[in-house]
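For reference, the structure discussed in these notes is given below.
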Amino acid sequence: MPRFSVATPQRTYTAVVERGAIARLPEFLPAKCGRIFVVTERGVWDLHGARLRAALSPTPFETLFFAGGEENKRLAHVETLAEQMAELGGDRSSLVIAFGGGIVTDLGGFVAAIFMRGIPVIQIPTTLLAQVDAAVGGKTGGNLVAGKNLFGAFHQPLAVLIDSEVLATLPVREYRAGHYENIKHGIIAAAPLFRLMEQQREAVFAQDPAILEQIVAESVRIKAEVVSADERESGLRRILNFGHTFGHALEAETKYTRFLHGEGVSWGMRAATHLARALNMLSDADTESILGVLNAYGPIPSVAGLSTQPLQARLLKDKKTVQSRIHFVLPVKIGEVVVRADIDENAVCGAIERALAECQ
Ligand code: GLY
């Protein structure tokens, strides 16, 4: 049973990757735990709530629902959740269990970060994307109209329970979109993971349990290592943003309605790969391999109607853009990336154009 330690200045905790991991929940409950609030979405609860109920039994808990979807990852919902927790008697000894996809783990984690100036959270992610990325590493928060994830806090969980059994009910599109974060981890830090995903696509699509667990465990291992080295993204953690700068621009430009986050990241990795190739940083062979895998796990929805200039303008609004310097994470070979803030605008424009042309 893989267990990974995430060691941050805020706290050291375990990410458990195991079929049936939800049943491990009692191991991670604080000894003196007050009211427990399960923050979730109705659909997730209907499918998997019984597992969580069984794991918590006989401990009482309150279930708080909010509507999923990237467009709902907003401050207004945080306030509603916090008011509900206060009305139900929440105090400093309370615990949040964020049980759902990336929207729930981000927003549920943020409510925990601010309620009574901070109470603990246990993350139980139920989508592939949340399991291998959003729920591990303590980033919590939500979107402003101006852009994605523009409010938030670092709030490390007590534990992350990653149970691949819940993935069986994921819609095919969401399942595939989650794999782009695994491909990302392969490109930034683990060539063997990238090659596994390249060679085992059929087994991945068929949800072969052994392959799936191997991929998820390897992805969580990489994420845990990077976060342990740099909790606050002052250096190494930036590499996890590979594909995200371009991808967030695409998501924001389409008002978070056309692309799932993983699909945005796929398009963003495509643009970053073209950019690295144009700057002679990446070989033709590695460029072809990366684009080949992105195609093999696609397609993503069409980018029809989008144009280069507004996307380029959006890059400046990304929260990783500091004093108008955009930080690009660029691959130099499969398994290694560099962060550069000195990239010529024309090269960026060319990369966006190529990525748009390939995804019409
Ligand atoms: N999703 C990028 C990070 O956690 O830093």
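Just remember, in the structure tokens the first chain shown is A, the second B, etc., residues are 1-based per chain, and ligands are 1-based in the order shown.
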Can you tell me, as a PDB file with N, CA, C and O atoms, in the first residue's frame, what residues are no more than 12 Å from region 348-350 of chain A when counting only C-alpha atoms, ignoring any on the same chain fewer than 6 positions away?
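Just written: selection-v5.pdb:
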ATOM      1  N   THR A 245      -0.021  28.079 -17.252  1.00  0.00           N
ATOM      2  CA  THR A 245      -0.094  29.509 -17.577  1.00  0.00           C
ATOM      3  C   THR A 245      -0.933  29.693 -18.848  1.00  0.00           C
ATOM      4  O   THR A 245      -1.899  30.466 -18.869  1.00  0.00           O
ATOM      5  N   PHE A 246      -0.582  28.943 -19.878  1.00  0.00           N
ATOM      6  CA  PHE A 246      -1.387  28.994 -21.112  1.00  0.00           C
ATOM      7  C   PHE A 246      -2.787  28.421 -20.860  1.00  0.00           C
ATOM      8  O   PHE A 246      -3.783  28.920 -21.370  1.00  0.00           O
ATOM      9  N   GLY A 268      -2.380  23.881 -22.832  1.00  0.00           N
ATOM     10  CA  GLY A 268      -1.267  24.699 -22.342  1.00  0.00           C
ATOM     11  C   GLY A 268       0.074  23.993 -22.498  1.00  0.00           C
ATOM     12  O   GLY A 268       1.086  24.621 -22.839  1.00  0.00           O
ATOM     13  N   ALA A 271       1.070  24.329 -26.091  1.00  0.00           N
ATOM     14  CA  ALA A 271       1.626  25.653 -26.417  1.00  0.00           C
ATOM     15  C   ALA A 271       3.044  25.781 -25.850  1.00  0.00           C
ATOM     16  O   ALA A 271       3.963  26.273 -26.530  1.00  0.00           O
ATOM     17  N   ALA A 272       3.247  25.319 -24.604  1.00  0.00           N
ATOM     18  CA  ALA A 272       4.576  25.425 -23.980  1.00  0.00           C
ATOM     19  C   ALA A 272       5.601  24.569 -24.729  1.00  0.00           C
ATOM     20  O   ALA A 272       6.771  24.943 -24.855  1.00  0.00           O
ATOM     21  N   THR A 273       5.145  23.429 -25.230  1.00  0.00           N
ATOM     22  CA  THR A 273       6.046  22.556 -25.993  1.00  0.00           C
ATOM     23  C   THR A 273       6.454  23.233 -27.303  1.00  0.00           C
ATOM     24  O   THR A 273       7.628  23.231 -27.689  1.00  0.00           O
ATOM     25  N   HIS A 274       5.480  23.838 -27.989  1.00  0.00           N
ATOM     26  CA  HIS A 274       5.827  24.573 -29.220  1.00  0.00           C
ATOM     27  C   HIS A 274       6.781  25.726 -28.912  1.00  0.00           C
ATOM     28  O   HIS A 274       7.703  25.995 -29.682  1.00  0.00           O
ATOM     29  N   LEU A 275       6.551  26.371 -27.784  1.00  0.00           N
ATOM     30  CA  LEU A 275       7.411  27.500 -27.420  1.00  0.00           C
ATOM     31  C   LEU A 275       8.849  27.002 -27.179  1.00  0.00           C
ATOM     32  O   LEU A 275       9.818  27.593 -27.690  1.00  0.00           O
ATOM     33  N   ALA A 276       8.964  25.906 -26.434  1.00  0.00           N
ATOM     34  CA  ALA A 276      10.305  25.365 -26.151  1.00  0.00           C
ATOM     35  C   ALA A 276      10.999  24.933 -27.444  1.00  0.00           C
ATOM     36  O   ALA A 276      12.196  25.170 -27.631  1.00  0.00           O
ATOM     37  N   ARG A 277      10.232  24.342 -28.355  1.00  0.00           N
ATOM     38  CA  ARG A 277      10.834  23.901 -29.635  1.00  0.00           C
ATOM     39  C   ARG A 277      11.305  25.110 -30.444  1.00  0.00           C
ATOM     40  O   ARG A 277      12.407  25.120 -30.998  1.00  0.00           O
ATOM     41  N   ALA A 278      10.455  26.148 -30.484  1.00  0.00           N
ATOM     42  CA  ALA A 278      10.795  27.341 -31.276  1.00  0.00           C
ATOM     43  C   ALA A 278      12.054  28.022 -30.734  1.00  0.00           C
ATOM     44  O   ALA A 278      12.800  28.650 -31.488  1.00  0.00           O
ATOM     45  N   LEU A 279      12.283  27.859 -29.421  1.00  0.00           N
ATOM     46  CA  LEU A 279      13.465  28.489 -28.813  1.00  0.00           C
ATOM     47  C   LEU A 279      14.677  27.545 -28.816  1.00  0.00           C
ATOM     48  O   LEU A 279      15.681  27.817 -28.154  1.00  0.00           O
ATOM     49  N   SER A 307      -8.789  33.494 -30.387  1.00  0.00           N
ATOM     50  CA  SER A 307      -7.664  34.026 -31.147  1.00  0.00           C
ATOM     51  C   SER A 307      -6.505  34.383 -30.214  1.00  0.00           C
ATOM     52  O   SER A 307      -6.661  34.457 -28.983  1.00  0.00           O
ATOM     53  N   THR A 308      -5.363  34.594 -30.832  1.00  0.00           N
ATOM     54  CA  THR A 308      -4.107  34.693 -30.094  1.00  0.00           C
ATOM     55  C   THR A 308      -4.064  35.890 -29.137  1.00  0.00           C
ATOM     56  O   THR A 308      -3.692  35.750 -27.962  1.00  0.00           O
ATOM     57  N   GLN A 309      -4.436  37.059 -29.634  1.00  0.00           N
ATOM     58  CA  GLN A 309      -4.207  38.291 -28.864  1.00  0.00           C
ATOM     59  C   GLN A 309      -4.883  38.270 -27.479  1.00  0.00           C
ATOM     60  O   GLN A 309      -4.220  38.523 -26.461  1.00  0.00           O
ATOM     61  N   PRO A 310      -6.194  37.955 -27.411  1.00  0.00           N
ATOM     62  CA  PRO A 310      -6.817  37.940 -26.076  1.00  0.00           C
ATOM     63  C   PRO A 310      -6.195  36.900 -25.140  1.00  0.00           C
ATOM     64  O   PRO A 310      -6.091  37.136 -23.935  1.00  0.00           O
ATOM     65  N   LEU A 311      -5.752  35.789 -25.704  1.00  0.00           N
ATOM     66  CA  LEU A 311      -5.120  34.773 -24.851  1.00  0.00           C
ATOM     67  C   LEU A 311      -3.788  35.295 -24.327  1.00  0.00           C
ATOM     68  O   LEU A 311      -3.461  35.129 -23.148  1.00  0.00           O
ATOM     69  N   GLN A 312      -3.065  35.963 -25.202  1.00  0.00           N
ATOM     70  CA  GLN A 312      -1.773  36.513 -24.783  1.00  0.00           C
ATOM     71  C   GLN A 312      -1.980  37.580 -23.694  1.00  0.00           C
ATOM     72  O   GLN A 312      -1.242  37.631 -22.708  1.00  0.00           O
ATOM     73  N   ALA A 313      -3.029  38.388 -23.861  1.00  0.00           N
ATOM     74  CA  ALA A 313      -3.326  39.420 -22.843  1.00  0.00           C
ATOM     75  C   ALA A 313      -3.657  38.755 -21.509  1.00  0.00           C
ATOM     76  O   ALA A 313      -3.300  39.255 -20.440  1.00  0.00           O
ATOM     77  N   LEU A 315      -2.429  36.097 -20.267  1.00  0.00           N
ATOM     78  CA  LEU A 315      -1.233  35.585 -19.590  1.00  0.00           C
ATOM     79  C   LEU A 315      -0.729  36.590 -18.555  1.00  0.00           C
ATOM     80  O   LEU A 315      -0.218  36.229 -17.509  1.00  0.00           O
ATOM     81  N   ILE A 326       6.119  37.205 -17.185  1.00  0.00           N
ATOM     82  CA  ILE A 326       5.405  35.931 -17.189  1.00  0.00           C
ATOM     83  C   ILE A 326       6.431  34.806 -17.027  1.00  0.00           C
ATOM     84  O   ILE A 326       7.435  34.771 -17.733  1.00  0.00           O
ATOM     85  N   HIS A 327       6.156  33.911 -16.072  1.00  0.00           N
ATOM     86  CA  HIS A 327       7.062  32.776 -15.864  1.00  0.00           C
ATOM     87  C   HIS A 327       6.561  31.591 -16.689  1.00  0.00           C
ATOM     88  O   HIS A 327       5.470  31.085 -16.437  1.00  0.00           O
ATOM     89  N   PHE A 328       7.364  31.167 -17.642  1.00  0.00           N
ATOM     90  CA  PHE A 328       6.995  30.016 -18.463  1.00  0.00           C
ATOM     91  C   PHE A 328       7.778  28.796 -18.004  1.00  0.00           C
ATOM     92  O   PHE A 328       8.992  28.868 -17.795  1.00  0.00           O
ATOM     93  N   LEU A 330       9.124  25.436 -19.254  1.00  0.00           N
ATOM     94  CA  LEU A 330       9.378  24.913 -20.601  1.00  0.00           C
ATOM     95  C   LEU A 330      10.163  23.606 -20.531  1.00  0.00           C
ATOM     96  O   LEU A 330      11.166  23.515 -19.796  1.00  0.00           O
ATOM     97  N   ALA A 341      11.662  33.583 -17.461  1.00  0.00           N
ATOM     98  CA  ALA A 341      10.813  34.783 -17.414  1.00  0.00           C
ATOM     99  C   ALA A 341      11.285  35.807 -18.447  1.00  0.00           C
ATOM    100  O   ALA A 341      10.927  36.971 -18.366  1.00  0.00           O
ATOM    101  N   ASP A 342      12.080  35.354 -19.414  1.00  0.00           N
ATOM    102  CA  ASP A 342      12.697  36.287 -20.367  1.00  0.00           C
ATOM    103  C   ASP A 342      12.307  35.945 -21.812  1.00  0.00           C
ATOM    104  O   ASP A 342      13.114  36.096 -22.725  1.00  0.00           O
ATOM    105  N   LEU A 356      -3.362  26.730 -31.196  1.00  0.00           N
ATOM    106  CA  LEU A 356      -4.759  26.972 -31.610  1.00  0.00           C
ATOM    107  C   LEU A 356      -5.039  26.228 -32.918  1.00  0.00           C
ATOM    108  O   LEU A 356      -6.070  25.554 -33.067  1.00  0.00           O
ATOM    109  N   ALA A 357      -4.104  26.324 -33.861  1.00  0.00           N
ATOM    110  CA  ALA A 357      -4.326  25.714 -35.174  1.00  0.00           C
ATOM    111  C   ALA A 357      -4.493  24.200 -35.051  1.00  0.00           C
ATOM    112  O   ALA A 357      -5.260  23.583 -35.809  1.00  0.00           O
TER     113      ALA A 357
END
Closest-contact table, region 134-155 of chain A side, partner region 4-22 of chain A, 8 Å, counting only C-alpha atoms, as a Markdown table:
| residue | atom | partner | partner_atom | distance |
| --- | --- | --- | --- | --- |
| A:Val136 | CA | A:Ala15 | CA | 7.5 |
| A:Gly137 | CA | A:Val6 | CA | 7.6 |
| A:His155 | CA | A:Gln10 | CA | 7.9 |
All residues 12 Å or closer to Arg237 (chain A), only C-alpha atoms, same chain fewer than 6 positions away omitted, as a list in words: Gly137, Lys139, His185, Ile188, Ala189, Ile222, Lys223, Ala224, Glu225, Val226, Val227, Ser228, Ala229, Asp230, Glu231, Lys320, Val329, Val337, Val338 and Val339 of chain A
Emit the selected residues as an mmCIF file, in the first residue's frame, including N, CA, C and O atoms.
data_model
loop_
_atom_site.group_PDB
_atom_site.id
_atom_site.type_symbol
_atom_site.label_atom_id
_atom_site.label_comp_id
_atom_site.auth_asym_id
_atom_site.auth_seq_id
_atom_site.Cartn_x
_atom_site.Cartn_y
_atom_site.Cartn_z
ATOM 1 N N GLY A 137 -0.848 19.013 -1.397
ATOM 2 C CA GLY A 137 0.036 20.180 -1.484
ATOM 3 C C GLY A 137 -0.489 21.434 -0.838
ATOM 4 O O GLY A 137 0.225 22.434 -0.770
ATOM 5 N N LYS A 139 -2.736 23.761 -1.567
ATOM 6 C CA LYS A 139 -3.260 24.965 -2.227
ATOM 7 C C LYS A 139 -4.777 24.929 -2.140
ATOM 8 O O LYS A 139 -5.400 23.942 -2.552
ATOM 9 N N HIS A 185 3.211 15.370 -14.901
ATOM 10 C CA HIS A 185 4.223 14.926 -13.937
ATOM 11 C C HIS A 185 5.341 14.154 -14.633
ATOM 12 O O HIS A 185 6.512 14.267 -14.277
ATOM 13 N N ILE A 188 7.596 16.758 -16.493
ATOM 14 C CA ILE A 188 8.419 17.658 -15.658
ATOM 15 C C ILE A 188 9.470 16.911 -14.850
ATOM 16 O O ILE A 188 10.504 17.470 -14.536
ATOM 17 N N ALA A 189 9.188 15.637 -14.501
ATOM 18 C CA ALA A 189 10.102 15.013 -13.522
ATOM 19 C C ALA A 189 10.300 13.507 -13.649
ATOM 20 O O ALA A 189 11.074 12.956 -12.881
ATOM 21 N N ILE A 222 5.605 12.163 -6.993
ATOM 22 C CA ILE A 222 6.285 13.350 -7.540
ATOM 23 C C ILE A 222 5.731 14.610 -6.887
ATOM 24 O O ILE A 222 6.471 15.487 -6.455
ATOM 25 N N LYS A 223 4.405 14.678 -6.814
ATOM 26 C CA LYS A 223 3.796 15.877 -6.222
ATOM 27 C C LYS A 223 4.265 16.045 -4.775
ATOM 28 O O LYS A 223 4.624 17.144 -4.336
ATOM 29 N N ALA A 224 4.280 14.937 -4.012
ATOM 30 C CA ALA A 224 4.686 15.010 -2.604
ATOM 31 C C ALA A 224 6.134 15.481 -2.484
ATOM 32 O O ALA A 224 6.467 16.296 -1.617
ATOM 33 N N GLU A 225 6.982 14.998 -3.364
ATOM 34 C CA GLU A 225 8.402 15.387 -3.310
ATOM 35 C C GLU A 225 8.588 16.870 -3.604
ATOM 36 O O GLU A 225 9.337 17.572 -2.930
ATOM 37 N N VAL A 226 7.887 17.336 -4.644
ATOM 38 C CA VAL A 226 8.046 18.744 -5.048
ATOM 39 C C VAL A 226 7.525 19.659 -3.947
ATOM 40 O O VAL A 226 8.178 20.633 -3.563
ATOM 41 N N VAL A 227 6.343 19.332 -3.411
ATOM 42 C CA VAL A 227 5.751 20.181 -2.366
ATOM 43 C C VAL A 227 6.624 20.156 -1.105
ATOM 44 O O VAL A 227 6.806 21.179 -0.442
ATOM 45 N N SER A 228 7.192 18.988 -0.800
ATOM 46 C CA SER A 228 8.054 18.892 0.386
ATOM 47 C C SER A 228 9.295 19.770 0.226
ATOM 48 O O SER A 228 9.823 20.297 1.201
ATOM 49 N N ALA A 229 9.751 19.929 -1.006
ATOM 50 C CA ALA A 229 10.951 20.755 -1.236
ATOM 51 C C ALA A 229 10.615 22.244 -1.246
ATOM 52 O O ALA A 229 11.475 23.072 -0.954
ATOM 53 N N ASP A 230 9.372 22.586 -1.588
ATOM 54 C CA ASP A 230 9.035 24.011 -1.780
ATOM 55 C C ASP A 230 7.537 24.216 -1.605
ATOM 56 O O ASP A 230 6.796 24.310 -2.576
ATOM 57 N N GLU A 231 7.102 24.303 -0.337
ATOM 58 C CA GLU A 231 5.667 24.422 -0.069
ATOM 59 C C GLU A 231 5.053 25.651 -0.728
ATOM 60 O O GLU A 231 3.965 25.596 -1.299
ATOM 61 N N LYS A 320 0.848 33.967 -11.535
ATOM 62 C CA LYS A 320 2.294 33.709 -11.549
ATOM 63 C C LYS A 320 3.049 34.806 -12.280
ATOM 64 O O LYS A 320 4.269 34.798 -12.358
ATOM 65 N N VAL A 329 7.060 27.682 -17.844
ATOM 66 C CA VAL A 329 7.716 26.414 -17.539
ATOM 67 C C VAL A 329 7.877 25.691 -18.868
ATOM 68 O O VAL A 329 6.883 25.395 -19.549
ATOM 69 N N VAL A 337 12.205 20.166 -16.906
ATOM 70 C CA VAL A 337 11.726 21.470 -17.391
ATOM 71 C C VAL A 337 12.570 22.579 -16.755
ATOM 72 O O VAL A 337 13.247 22.351 -15.755
ATOM 73 N N VAL A 338 12.499 23.767 -17.346
ATOM 74 C CA VAL A 338 13.132 24.940 -16.730
ATOM 75 C C VAL A 338 12.075 26.044 -16.654
ATOM 76 O O VAL A 338 11.080 26.019 -17.386
ATOM 77 N N VAL A 339 12.309 27.007 -15.754
ATOM 78 C CA VAL A 339 11.387 28.147 -15.639
ATOM 79 C C VAL A 339 12.104 29.361 -16.213
ATOM 80 O O VAL A 339 13.226 29.675 -15.813
#
Members of region 44-288 of chain A assigned alpha helix (DSSP H) by DSSP, as an NGL selection string: :A and (44-56 or 75-87 or 102-114 or 128-129 or 172-189 or 191-199 or 201-205 or 209-229 or 244-253 or 261-278 or 284-288)
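All residues of protein, DNA or RNA that reach within 12 Å of Phe259 (chain A), judged by only C-alpha atoms and not counting those fewer than 5 positions away in the chain, are Gly69, Glu70, Glu71, Arg173, Glu174, Ala177, Gly247, His248, Ala249, Leu250, Glu251, Ala252, Glu253, Thr254, Gly264, Val265, Ser266, Trp267, Gly268, Pro299, Ile300, Pro301, Ser302 and Val303 of chain A.
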Interatomic distance (Å, one decimal) between CA of Met281 (chain A) and CA of Ala351 (chain A):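 About the pair CA of Met281 (chain A) and CA of Ala351 (chain A): they are 13.5 Å apart.
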Selected residue of minimal separation from ligand 1 among A:Ala67, A:Leu128, A:Ala168, A:Ile239, counting only C-alpha atoms and all ligand atoms: A:Ile239
Straight-line distance linking CA of Phe66 (chain A) with CA of Phe242 (chain A), stated in Å to one decimal: 29.7 Å
Selection near region 39-45 of chain A, 12 Å with only C-alpha atoms, sequence-local residues under 5 positions removed, as a PyMOL selection string: chain A and resi 50-53+61-69+72+77-78+80-82+84-85+95-112+121-127+166-167+169-171
Take the residues from that selection and put them in a file with C-alpha atoms, as a short mmCIF file (atom, residue, chain, number, x, y, z; two decimals), in the first residue's frame.
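File again-v5.cif, as written:
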data_model
loop_
_atom_site.label_atom_id
_atom_site.label_comp_id
_atom_site.auth_asym_id
_atom_site.auth_seq_id
_atom_site.Cartn_x
_atom_site.Cartn_y
_atom_site.Cartn_z
CA ALA A 50 -22.21 5.49 1.83
CA ARG A 51 -18.48 4.67 1.88
CA LEU A 52 -17.69 7.78 3.86
CA ARG A 53 -20.64 7.25 6.20
CA PHE A 61 -21.09 14.51 11.11
CA GLU A 62 -22.87 17.22 9.11
CA THR A 63 -22.98 17.15 5.32
CA LEU A 64 -22.72 20.50 3.51
CA PHE A 65 -23.43 20.57 -0.19
CA PHE A 66 -22.48 23.10 -2.77
CA ALA A 67 -22.83 23.15 -6.55
CA GLY A 68 -19.74 21.92 -8.39
CA GLY A 69 -18.29 23.37 -11.56
CA ASN A 72 -18.95 27.96 -8.67
CA HIS A 77 -20.00 29.94 -1.67
CA VAL A 78 -17.22 30.10 0.91
CA THR A 80 -22.37 30.37 2.70
CA LEU A 81 -20.46 27.29 3.86
CA ALA A 82 -18.85 29.18 6.75
CA GLN A 84 -23.70 27.05 7.79
CA MET A 85 -20.81 25.75 9.88
CA LEU A 95 -12.84 19.40 11.21
CA VAL A 96 -13.64 19.72 7.51
CA ILE A 97 -13.57 16.66 5.28
CA ALA A 98 -13.43 17.83 1.66
CA PHE A 99 -14.98 14.99 -0.34
CA GLY A 100 -15.16 15.54 -4.08
CA GLY A 101 -13.29 16.78 -7.13
CA GLY A 102 -10.86 19.68 -7.42
CA ILE A 103 -13.53 22.33 -6.90
CA VAL A 104 -14.54 20.76 -3.59
CA THR A 105 -10.98 20.14 -2.40
CA ASP A 106 -9.98 23.73 -3.28
CA LEU A 107 -13.04 25.43 -1.80
CA GLY A 108 -13.51 23.00 1.13
CA GLY A 109 -9.83 23.44 1.98
CA PHE A 110 -10.22 27.21 1.86
CA VAL A 111 -13.25 27.22 4.17
CA ALA A 112 -11.15 25.21 6.63
CA VAL A 121 -9.09 19.53 6.83
CA ILE A 122 -8.80 15.98 5.55
CA GLN A 123 -8.84 15.72 1.77
CA ILE A 124 -10.66 12.80 0.13
CA PRO A 125 -10.49 13.52 -3.60
CA THR A 126 -12.92 11.67 -5.86
CA THR A 127 -11.73 12.68 -9.33
CA VAL A 166 -14.27 5.85 -6.65
CA LEU A 167 -12.85 6.54 -10.12
CA THR A 169 -18.00 6.15 -11.75
CA LEU A 170 -16.15 9.12 -13.29
CA PRO A 171 -17.48 10.26 -16.67
#
Would you kindly return, as an mmCIF file with C-alpha atoms, in the first residue's frame, each protein, DNA or RNA residue with an atom no farther than 10 Å from any atom of Ala190 (chain A), considering only C-alpha atoms and excluding same-chain residues fewer than 3 positions away?
data_model
loop_
_atom_site.group_PDB
_atom_site.id
_atom_site.type_symbol
_atom_site.label_atom_id
_atom_site.label_comp_id
_atom_site.auth_asym_id
_atom_site.auth_seq_id
_atom_site.Cartn_x
_atom_site.Cartn_y
_atom_site.Cartn_z
ATOM 1 C CA ASN A 182 -0.153 12.578 -14.878
ATOM 2 C CA ILE A 183 1.361 13.278 -18.288
ATOM 3 C CA LYS A 184 2.483 16.627 -16.855
ATOM 4 C CA HIS A 185 4.223 14.926 -13.937
ATOM 5 C CA GLY A 186 5.996 12.625 -16.394
ATOM 6 C CA ILE A 187 7.204 15.518 -18.558
ATOM 7 C CA LEU A 193 5.966 7.709 -16.008
ATOM 8 C CA PHE A 194 5.664 9.519 -19.352
ATOM 9 C CA ARG A 195 6.745 6.367 -21.265
ATOM 10 C CA GLU A 218 3.942 7.673 -9.146
ATOM 11 C CA SER A 219 2.167 10.968 -9.760
ATOM 12 C CA ILE A 222 6.285 13.350 -7.540
ATOM 13 C CA ILE A 334 11.091 14.493 -21.258
ATOM 14 C CA GLY A 335 11.530 14.412 -17.483
ATOM 15 C CA GLU A 336 13.006 17.909 -17.132
#
Point-to-point distance in Å for CA of Lys32 (chain A) and CA of Ser93 (chain A):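 So the answer is 7.3 Å.
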For ligand 1, the nearest of the candidates A:Arg340, A:Arg354, A:Arg238, A:Arg314, counting only C-alpha atoms and all ligand atoms: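 Comparing A:Arg340, A:Arg354, A:Arg238, A:Arg314 against ligand 1, the winner is A:Arg238.
Proximity ranking of A:Pro2, A:Gly292, A:Gly141, A:Gly147 relative to Ile162 (chain A) places A:Pro2 first, based on only C-alpha atoms.
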Best match for closeness to ligand 1 among A:Pro209, A:Gly138, A:Gly49, A:Gly34, counting only C-alpha atoms and all ligand atoms: A:Gly138
